[in-house]
Amino acid sequence: MSRKIAFVASETQMSQQAKTELVARYGEVDVDRADVIVALGGDGFMLQTLHDTQGQAAPVYGMNCGTVGFLMNEYAPDDLVERLIASVEEVINPLSMRAEGVDGKIYKALAINEVSLLRAGPQAAKLQISVDGRVRLPELVCDGALLSTPAGSTAYNYSAHGPILPIGSDVLALTAMAAFRPRRWRGALLPKSAVVRFDVLEHDKRPVMADADSRSVRNVVSVEIKSKGDIEHRILFDPGHGLEERLIREQFV
């Protein structure tokens with residue numbers, strides 16, 4: 001790997017200081033000329049960087065200047081080039097969200113972690129869930145539901161008591177948040193090829209919003225989600241600290 005590195009940083013003081021130090025040490029090039037993009041921040045900024053650089057050939061190597069940093073490597077200014085050369089690549093595919101609003105407009109977005117539907121009013125949401133055109137759950141009364149990728153399974157999905165999925169598994173996690181009826185329904189594991197559709201019942205009385213990696217659409221009537229195998233995000237990790245190891249380790253803490 002050459003030394004052509006592009007540095008991007010979140011707006012926090014720590015990230016900006018780290019970028020200044022690293023640029024002084026290693027120099028930098030524009031993103032479209034880089035062999036590797038180094039993202040400085042937390043997981044939220046990493047997701048933003050992956051979305052922003054989707055059309056770029058260079059992989060992204062994250063360095064944690066935030067809090068959790070599940071998608072990030074440890075921040076250390078020394079031996080960066082050597083770390084990049086030794087790094088291990090993980091490839092993940094995003095989810096595609098197609099949401100229809102009450103106004104009839106169609107909204108599209110991609111999600112690396114998950115697509116979630118959340119109640120947007122005081123009453124619980126009522127959702128009908130279909131998989132590959134077949135209604136599987138006629139009515140789910142809940143605070144919300146989400147469909148997660150393996151990479152996102154330790155994020156919102158895990159907080160909602162959904163399963164952690166191994167990286168590389170051709171599986172998606174469908175998880176409910178605070179399910180009221182069916183009581184304590186936790187969700188399902190679905191093949192990666194599945195097309196999942198949520199129809200919002202009583203949407204005028206029980207408004208629902210859809211969210212794809214913090215890209216939100218309010219007052220939706222239906223949301224269709226599927227994996228986009230033709231889009232690949234390349235993420236670099238230090239040896240022994242890849243997503244597979246992190247997913248396993250997360251289950252034993």
# chains A, B, ... in the order shown; residues from 1 in each chain; ligands from 1

$ residues_around --residues "Ala173 of chain A" --least-positions-apart "5" --cutoff "7 Å" --atoms "only C-alpha atoms" --output "list in words"
Leu147, Ser148, Thr149, Pro163, Ala188, Leu189 and Leu190 of chain A

$ write_last_selection --atoms "N, CA and C atoms" --output "short mmCIF file (atom, residue, chain, number, x, y, z; two decimals), in the first residue's frame"
data_model
loop_
_atom_site.label_atom_id
_atom_site.label_comp_id
_atom_site.auth_asym_id
_atom_site.auth_seq_id
_atom_site.Cartn_x
_atom_site.Cartn_y
_atom_site.Cartn_z
N LEU A 147 -34.87 -3.71 10.86
CA LEU A 147 -34.18 -4.75 10.12
C LEU A 147 -32.71 -4.39 10.11
N SER A 148 -31.87 -5.31 10.60
CA SER A 148 -30.46 -5.02 10.80
C SER A 148 -29.57 -5.91 9.96
N THR A 149 -28.45 -5.34 9.52
CA THR A 149 -27.39 -6.10 8.88
C THR A 149 -26.52 -6.76 9.96
N PRO A 163 -30.62 -10.40 18.11
CA PRO A 163 -29.44 -11.27 18.09
C PRO A 163 -28.24 -10.61 17.44
N ALA A 188 -37.35 -12.13 14.13
CA ALA A 188 -37.04 -13.30 13.32
C ALA A 188 -35.71 -13.11 12.63
N LEU A 189 -35.07 -14.23 12.27
CA LEU A 189 -33.89 -14.21 11.42
C LEU A 189 -34.33 -14.52 10.00
N LEU A 190 -33.88 -13.70 9.06
CA LEU A 190 -34.32 -13.82 7.68
C LEU A 190 -33.13 -13.96 6.75
#

$ closest_atom_pairs --of "segment 43-92 of chain A" --to "segment 229-245 of chain A" --cutoff "6 Å" --atoms "only C-alpha atoms" --output "tab-separated table"
residue	atom	partner	partner_atom	distance
A:Pro59	CA	A:Arg234	CA	4.8
A:Val60	CA	A:Ile235	CA	5.0
A:Tyr61	CA	A:Leu236	CA	4.8
A:Ser87	CA	A:Asp238	CA	4.7
A:Val88	CA	A:Phe237	CA	5.2
A:Glu89	CA	A:Leu236	CA	4.5
A:Glu90	CA	A:Ile235	CA	5.2
A:Val91	CA	A:Arg234	CA	4.7
A:Ile92	CA	A:His233	CA	5.3

$ write_last_selection --atoms "all heavy atoms" --output "mmCIF file, in the first residue's frame"
data_model
loop_
_atom_site.group_PDB
_atom_site.id
_atom_site.type_symbol
_atom_site.label_atom_id
_atom_site.label_comp_id
_atom_site.auth_asym_id
_atom_site.auth_seq_id
_atom_site.Cartn_x
_atom_site.Cartn_y
_atom_site.Cartn_z
ATOM 1 N N PRO A 59 -10.588 1.864 0.467
ATOM 2 C CA PRO A 59 -11.223 1.398 1.698
ATOM 3 C C PRO A 59 -11.088 2.441 2.801
ATOM 4 O O PRO A 59 -10.313 3.396 2.681
ATOM 5 C CB PRO A 59 -10.420 0.131 2.037
ATOM 6 C CG PRO A 59 -9.068 0.392 1.460
ATOM 7 C CD PRO A 59 -9.300 1.192 0.202
ATOM 8 N N VAL A 60 -11.849 2.238 3.878
ATOM 9 C CA VAL A 60 -11.855 3.186 4.994
ATOM 10 C C VAL A 60 -11.297 2.506 6.243
ATOM 11 O O VAL A 60 -11.710 1.401 6.607
ATOM 12 C CB VAL A 60 -13.270 3.711 5.273
ATOM 13 C CG1 VAL A 60 -13.258 4.688 6.451
ATOM 14 C CG2 VAL A 60 -13.851 4.396 4.035
ATOM 15 N N TYR A 61 -10.353 3.189 6.875
ATOM 16 C CA TYR A 61 -9.742 2.730 8.123
ATOM 17 C C TYR A 61 -10.120 3.740 9.201
ATOM 18 O O TYR A 61 -9.729 4.904 9.135
ATOM 19 C CB TYR A 61 -8.224 2.657 7.952
ATOM 20 C CG TYR A 61 -7.439 2.215 9.172
ATOM 21 C CD1 TYR A 61 -7.179 0.871 9.407
ATOM 22 C CD2 TYR A 61 -6.920 3.152 10.065
ATOM 23 C CE1 TYR A 61 -6.418 0.466 10.509
ATOM 24 C CE2 TYR A 61 -6.168 2.758 11.166
ATOM 25 C CZ TYR A 61 -5.923 1.415 11.379
ATOM 26 O OH TYR A 61 -5.175 1.018 12.469
ATOM 27 N N SER A 87 -3.357 -4.256 7.853
ATOM 28 C CA SER A 87 -4.783 -4.315 8.187
ATOM 29 C C SER A 87 -5.519 -5.392 7.394
ATOM 30 O O SER A 87 -5.089 -5.824 6.325
ATOM 31 C CB SER A 87 -5.435 -2.950 7.944
ATOM 32 O OG SER A 87 -5.364 -2.593 6.569
ATOM 33 N N VAL A 88 -6.646 -5.811 7.944
ATOM 34 C CA VAL A 88 -7.501 -6.843 7.350
ATOM 35 C C VAL A 88 -8.787 -6.179 6.865
ATOM 36 O O VAL A 88 -9.369 -5.353 7.568
ATOM 37 C CB VAL A 88 -7.821 -7.942 8.383
ATOM 38 C CG1 VAL A 88 -8.749 -8.985 7.787
ATOM 39 C CG2 VAL A 88 -6.532 -8.581 8.884
ATOM 40 N N GLU A 89 -9.227 -6.561 5.677
ATOM 41 C CA GLU A 89 -10.403 -5.928 5.077
ATOM 42 C C GLU A 89 -11.670 -6.731 5.337
ATOM 43 O O GLU A 89 -11.679 -7.961 5.231
ATOM 44 C CB GLU A 89 -10.198 -5.764 3.573
ATOM 45 C CG GLU A 89 -11.360 -5.074 2.870
ATOM 46 C CD GLU A 89 -11.097 -4.852 1.387
ATOM 47 O OE1 GLU A 89 -10.200 -4.051 1.062
ATOM 48 O OE2 GLU A 89 -11.772 -5.497 0.559
ATOM 49 N N GLU A 90 -12.745 -6.023 5.698
ATOM 50 C CA GLU A 90 -14.080 -6.600 5.794
ATOM 51 C C GLU A 90 -14.958 -5.901 4.759
ATOM 52 O O GLU A 90 -14.853 -4.684 4.568
ATOM 53 C CB GLU A 90 -14.691 -6.386 7.188
ATOM 54 C CG GLU A 90 -13.866 -6.929 8.340
ATOM 55 C CD GLU A 90 -14.169 -8.390 8.625
ATOM 56 O OE1 GLU A 90 -14.880 -9.018 7.806
ATOM 57 O OE2 GLU A 90 -13.699 -8.887 9.658
ATOM 58 N N VAL A 91 -15.812 -6.661 4.092
ATOM 59 C CA VAL A 91 -16.721 -6.092 3.093
ATOM 60 C C VAL A 91 -18.153 -6.275 3.580
ATOM 61 O O VAL A 91 -18.561 -7.390 3.927
ATOM 62 C CB VAL A 91 -16.536 -6.761 1.718
ATOM 63 C CG1 VAL A 91 -17.533 -6.196 0.706
ATOM 64 C CG2 VAL A 91 -15.108 -6.581 1.219
ATOM 65 N N ILE A 92 -18.901 -5.189 3.616
ATOM 66 C CA ILE A 92 -20.290 -5.260 4.055
ATOM 67 C C ILE A 92 -21.196 -4.620 3.010
ATOM 68 O O ILE A 92 -20.774 -3.733 2.263
ATOM 69 C CB ILE A 92 -20.493 -4.576 5.425
ATOM 70 C CG1 ILE A 92 -20.074 -3.102 5.367
ATOM 71 C CG2 ILE A 92 -19.719 -5.307 6.513
ATOM 72 C CD1 ILE A 92 -20.325 -2.362 6.667
#

$ atom_distance --atom1 "atom CA of Ile5 of chain A" --atom2 "atom CA of Glu21 of chain A"
13.6 Å

$ closest_residue --among "A:Arg134, A:Ala176, A:Gly101, A:His161" --to "Asp204 of chain A" --atoms "only C-alpha atoms"
A:Gly101

$ residues_around --residues "Ala194 of chain A" --least-positions-apart "2" --cutoff "8 Å" --atoms "only C-alpha atoms" --output "ChimeraX atom specification"
/A:131-132,190-192,196,226-227

$ residues_around --residues "Gln123 of chain A" --least-positions-apart "4" --cutoff "10 Å" --atoms "only C-alpha atoms" --output "PDB file with C-alpha atoms, in the first residue's frame"
ATOM      1  CA  ARG A 119     -43.752   5.423  16.541  1.00  0.00           C
ATOM      2  CA  VAL A 141     -48.395  -3.419  18.123  1.00  0.00           C
ATOM      3  CA  CYS A 142     -45.112  -1.960  19.319  1.00  0.00           C
ATOM      4  CA  ASP A 143     -42.909   1.069  19.799  1.00  0.00           C
ATOM      5  CA  LYS A 205     -54.013   7.895  14.288  1.00  0.00           C
ATOM      6  CA  ARG A 206     -50.683   6.186  14.951  1.00  0.00           C
ATOM      7  CA  PRO A 207     -47.995   8.032  12.961  1.00  0.00           C
ATOM      8  CA  VAL A 208     -44.711   6.261  12.251  1.00  0.00           C
TER       9      VAL A 208
END

$ atom_distance --atom1 "atom CA of Asp78 of chain A" --atom2 "atom CA of Ala58 of chain A"
21.6 Å

$ select_by_dssp --residues "segment 32-114 of chain A" --states "alpha helix (DSSP H)" --output "list in words"
Asp43, Gly44, Phe45, Met46, Leu47, Gln48, Thr49, Leu50, His51, Asp52, Leu80, Val81, Glu82, Arg83, Leu84, Ile85 and Ala86 of chain A

$ atom_distance --atom1 "atom CA of Leu95 of chain A" --atom2 "atom CA of Gly69 of chain A"
21.2 Å

$ closest_residue --among "A:Ser214, A:Gln54, A:Gln16, A:Asn113" --to "Gly66 of chain A" --atoms "only C-alpha atoms"
A:Gln16

$ closest_residue --among "A:Ser169, A:Ser216, A:Gln128, A:Gln17" --to "Phe198 of chain A" --atoms "only C-alpha atoms"
A:Gln128

$ select_by_dssp --residues "segment 86-162 of chain A" --states "strand (DSSP E)" --output "PyMOL selection string"
chain A and resi 88-92+95-101+106-111+114-119+125-131+134-142+144-148

$ write_last_selection --atoms "N, CA and C atoms" --output "short mmCIF file (atom, residue, chain, number, x, y, z; two decimals), in the first residue's frame"
data_model
loop_
_atom_site.label_atom_id
_atom_site.label_comp_id
_atom_site.auth_asym_id
_atom_site.auth_seq_id
_atom_site.Cartn_x
_atom_site.Cartn_y
_atom_site.Cartn_z
N VAL A 88 -6.65 -5.81 7.94
CA VAL A 88 -7.50 -6.84 7.35
C VAL A 88 -8.79 -6.18 6.86
N GLU A 89 -9.23 -6.56 5.68
CA GLU A 89 -10.40 -5.93 5.08
C GLU A 89 -11.67 -6.73 5.34
N GLU A 90 -12.74 -6.02 5.70
CA GLU A 90 -14.08 -6.60 5.79
C GLU A 90 -14.96 -5.90 4.76
N VAL A 91 -15.81 -6.66 4.09
CA VAL A 91 -16.72 -6.09 3.09
C VAL A 91 -18.15 -6.27 3.58
N ILE A 92 -18.90 -5.19 3.62
CA ILE A 92 -20.29 -5.26 4.06
C ILE A 92 -21.20 -4.62 3.01
N LEU A 95 -28.34 -1.91 3.40
CA LEU A 95 -29.76 -2.13 3.12
C LEU A 95 -30.29 -0.96 2.30
N SER A 96 -31.22 -1.26 1.43
CA SER A 96 -31.90 -0.23 0.66
C SER A 96 -33.30 -0.03 1.23
N MET A 97 -33.64 1.21 1.57
CA MET A 97 -34.97 1.54 2.08
C MET A 97 -35.76 2.32 1.04
N ARG A 98 -36.98 1.88 0.80
CA ARG A 98 -37.91 2.61 -0.06
C ARG A 98 -39.16 2.88 0.77
N ALA A 99 -39.36 4.13 1.15
CA ALA A 99 -40.47 4.49 2.03
C ALA A 99 -41.47 5.37 1.28
N GLU A 100 -42.75 5.10 1.50
CA GLU A 100 -43.81 5.94 0.94
C GLU A 100 -44.43 6.76 2.06
N GLY A 101 -44.49 8.08 1.87
CA GLY A 101 -45.08 8.95 2.87
C GLY A 101 -46.57 9.10 2.68
N ILE A 106 -42.17 9.17 -2.63
CA ILE A 106 -41.30 8.03 -2.37
C ILE A 106 -39.94 8.55 -1.91
N TYR A 107 -39.45 8.00 -0.83
CA TYR A 107 -38.15 8.39 -0.27
C TYR A 107 -37.24 7.17 -0.25
N LYS A 108 -36.01 7.35 -0.72
CA LYS A 108 -35.06 6.24 -0.77
C LYS A 108 -33.79 6.59 0.01
N ALA A 109 -33.22 5.58 0.66
CA ALA A 109 -31.98 5.79 1.42
C ALA A 109 -31.30 4.44 1.61
N LEU A 110 -30.01 4.49 1.90
CA LEU A 110 -29.24 3.29 2.20
C LEU A 110 -28.86 3.28 3.67
N ALA A 111 -28.76 2.09 4.25
CA ALA A 111 -28.41 1.96 5.66
C ALA A 111 -27.36 0.86 5.81
N GLU A 114 -28.89 -0.36 10.09
CA GLU A 114 -30.26 -0.85 10.13
C GLU A 114 -31.23 0.17 9.57
N VAL A 115 -32.40 -0.34 9.20
CA VAL A 115 -33.56 0.51 8.90
C VAL A 115 -34.57 0.26 10.02
N SER A 116 -35.03 1.32 10.64
CA SER A 116 -35.96 1.17 11.75
C SER A 116 -37.23 1.97 11.51
N LEU A 117 -38.33 1.46 12.03
CA LEU A 117 -39.61 2.16 12.05
C LEU A 117 -39.94 2.44 13.51
N LEU A 118 -40.29 3.69 13.80
CA LEU A 118 -40.51 4.10 15.17
C LEU A 118 -41.82 4.88 15.28
N ARG A 119 -42.53 4.66 16.35
CA ARG A 119 -43.75 5.42 16.54
C ARG A 119 -43.40 6.90 16.68
N ALA A 125 -47.32 2.01 17.67
CA ALA A 125 -47.48 1.79 16.24
C ALA A 125 -48.17 0.46 15.99
N LYS A 126 -48.86 0.38 14.85
CA LYS A 126 -49.43 -0.89 14.39
C LYS A 126 -48.83 -1.17 13.02
N LEU A 127 -48.09 -2.27 12.92
CA LEU A 127 -47.38 -2.60 11.70
C LEU A 127 -47.81 -3.97 11.19
N GLN A 128 -47.95 -4.07 9.88
CA GLN A 128 -48.11 -5.36 9.22
C GLN A 128 -46.80 -5.69 8.53
N ILE A 129 -46.30 -6.93 8.74
CA ILE A 129 -45.00 -7.30 8.21
C ILE A 129 -45.15 -8.39 7.17
N SER A 130 -44.58 -8.13 5.99
CA SER A 130 -44.58 -9.11 4.90
C SER A 130 -43.14 -9.44 4.53
N VAL A 131 -42.91 -10.68 4.16
CA VAL A 131 -41.59 -11.13 3.70
C VAL A 131 -41.76 -11.78 2.34
N ARG A 134 -45.37 -12.12 1.11
CA ARG A 134 -46.31 -12.89 1.91
C ARG A 134 -46.43 -12.29 3.30
N VAL A 135 -47.65 -12.02 3.74
CA VAL A 135 -47.86 -11.45 5.06
C VAL A 135 -47.50 -12.49 6.12
N ARG A 136 -46.53 -12.13 6.96
CA ARG A 136 -46.09 -13.04 8.01
C ARG A 136 -46.62 -12.66 9.39
N LEU A 137 -46.87 -11.38 9.57
CA LEU A 137 -47.42 -10.90 10.85
C LEU A 137 -48.47 -9.85 10.52
N PRO A 138 -49.75 -10.20 10.63
CA PRO A 138 -50.81 -9.27 10.23
C PRO A 138 -50.83 -7.99 11.05
N GLU A 139 -50.47 -8.09 12.34
CA GLU A 139 -50.50 -6.89 13.17
C GLU A 139 -49.48 -7.02 14.30
N LEU A 140 -48.55 -6.09 14.33
CA LEU A 140 -47.58 -5.97 15.43
C LEU A 140 -47.80 -4.62 16.09
N VAL A 141 -48.21 -4.65 17.35
CA VAL A 141 -48.40 -3.42 18.12
C VAL A 141 -47.13 -3.22 18.95
N CYS A 142 -46.46 -2.10 18.75
CA CYS A 142 -45.11 -1.96 19.32
C CYS A 142 -44.68 -0.49 19.32
N GLY A 144 -41.84 0.07 17.86
CA GLY A 144 -41.18 0.11 16.57
C GLY A 144 -40.61 -1.25 16.21
N ALA A 145 -39.96 -1.31 15.05
CA ALA A 145 -39.31 -2.54 14.59
C ALA A 145 -38.17 -2.13 13.68
N LEU A 146 -37.20 -3.03 13.54
CA LEU A 146 -36.06 -2.71 12.68
C LEU A 146 -35.56 -3.95 11.96
N LEU A 147 -34.87 -3.71 10.86
CA LEU A 147 -34.18 -4.75 10.12
C LEU A 147 -32.71 -4.39 10.11
N SER A 148 -31.87 -5.31 10.60
CA SER A 148 -30.46 -5.02 10.80
C SER A 148 -29.57 -5.91 9.96
#

$ residues_around --residues "Ser10 of chain A" --least-positions-apart "6" --cutoff "12 Å" --atoms "only C-alpha atoms" --output "mmCIF file with C-alpha atoms, in the first residue's frame"
data_model
loop_
_atom_site.group_PDB
_atom_site.id
_atom_site.type_symbol
_atom_site.label_atom_id
_atom_site.label_comp_id
_atom_site.auth_asym_id
_atom_site.auth_seq_id
_atom_site.Cartn_x
_atom_site.Cartn_y
_atom_site.Cartn_z
ATOM 1 C CA GLN A 16 -9.654 17.770 14.641
ATOM 2 C CA GLN A 17 -6.497 17.729 16.753
ATOM 3 C CA ALA A 18 -5.813 14.145 15.688
ATOM 4 C CA LYS A 19 -6.199 15.077 12.031
ATOM 5 C CA VAL A 38 -8.623 7.341 7.449
ATOM 6 C CA ALA A 39 -11.736 8.404 9.378
ATOM 7 C CA LEU A 40 -11.240 10.057 12.779
ATOM 8 C CA GLY A 41 -14.248 10.069 15.088
ATOM 9 C CA GLY A 42 -16.793 7.641 16.472
ATOM 10 C CA ASP A 43 -19.122 5.076 14.943
ATOM 11 C CA GLY A 44 -21.594 7.721 13.807
ATOM 12 C CA PHE A 45 -18.903 9.539 11.882
ATOM 13 C CA MET A 46 -17.676 6.244 10.438
ATOM 14 C CA LEU A 47 -21.142 5.532 9.052
ATOM 15 C CA GLN A 48 -21.262 9.046 7.621
ATOM 16 C CA THR A 49 -17.856 8.545 5.996
ATOM 17 C CA GLY A 62 -11.353 4.206 11.227
ATOM 18 C CA MET A 63 -9.496 5.504 14.277
ATOM 19 C CA ASN A 64 -11.538 6.006 17.408
ATOM 20 C CA CYS A 65 -11.789 9.571 18.637
ATOM 21 C CA GLY A 66 -15.314 9.081 19.950
#

$ closest_residue --among "A:Leu201, A:Ile37, A:Leu71, A:Ala24" --to "Ala9 of chain A" --atoms "only C-alpha atoms"
A:Ile37
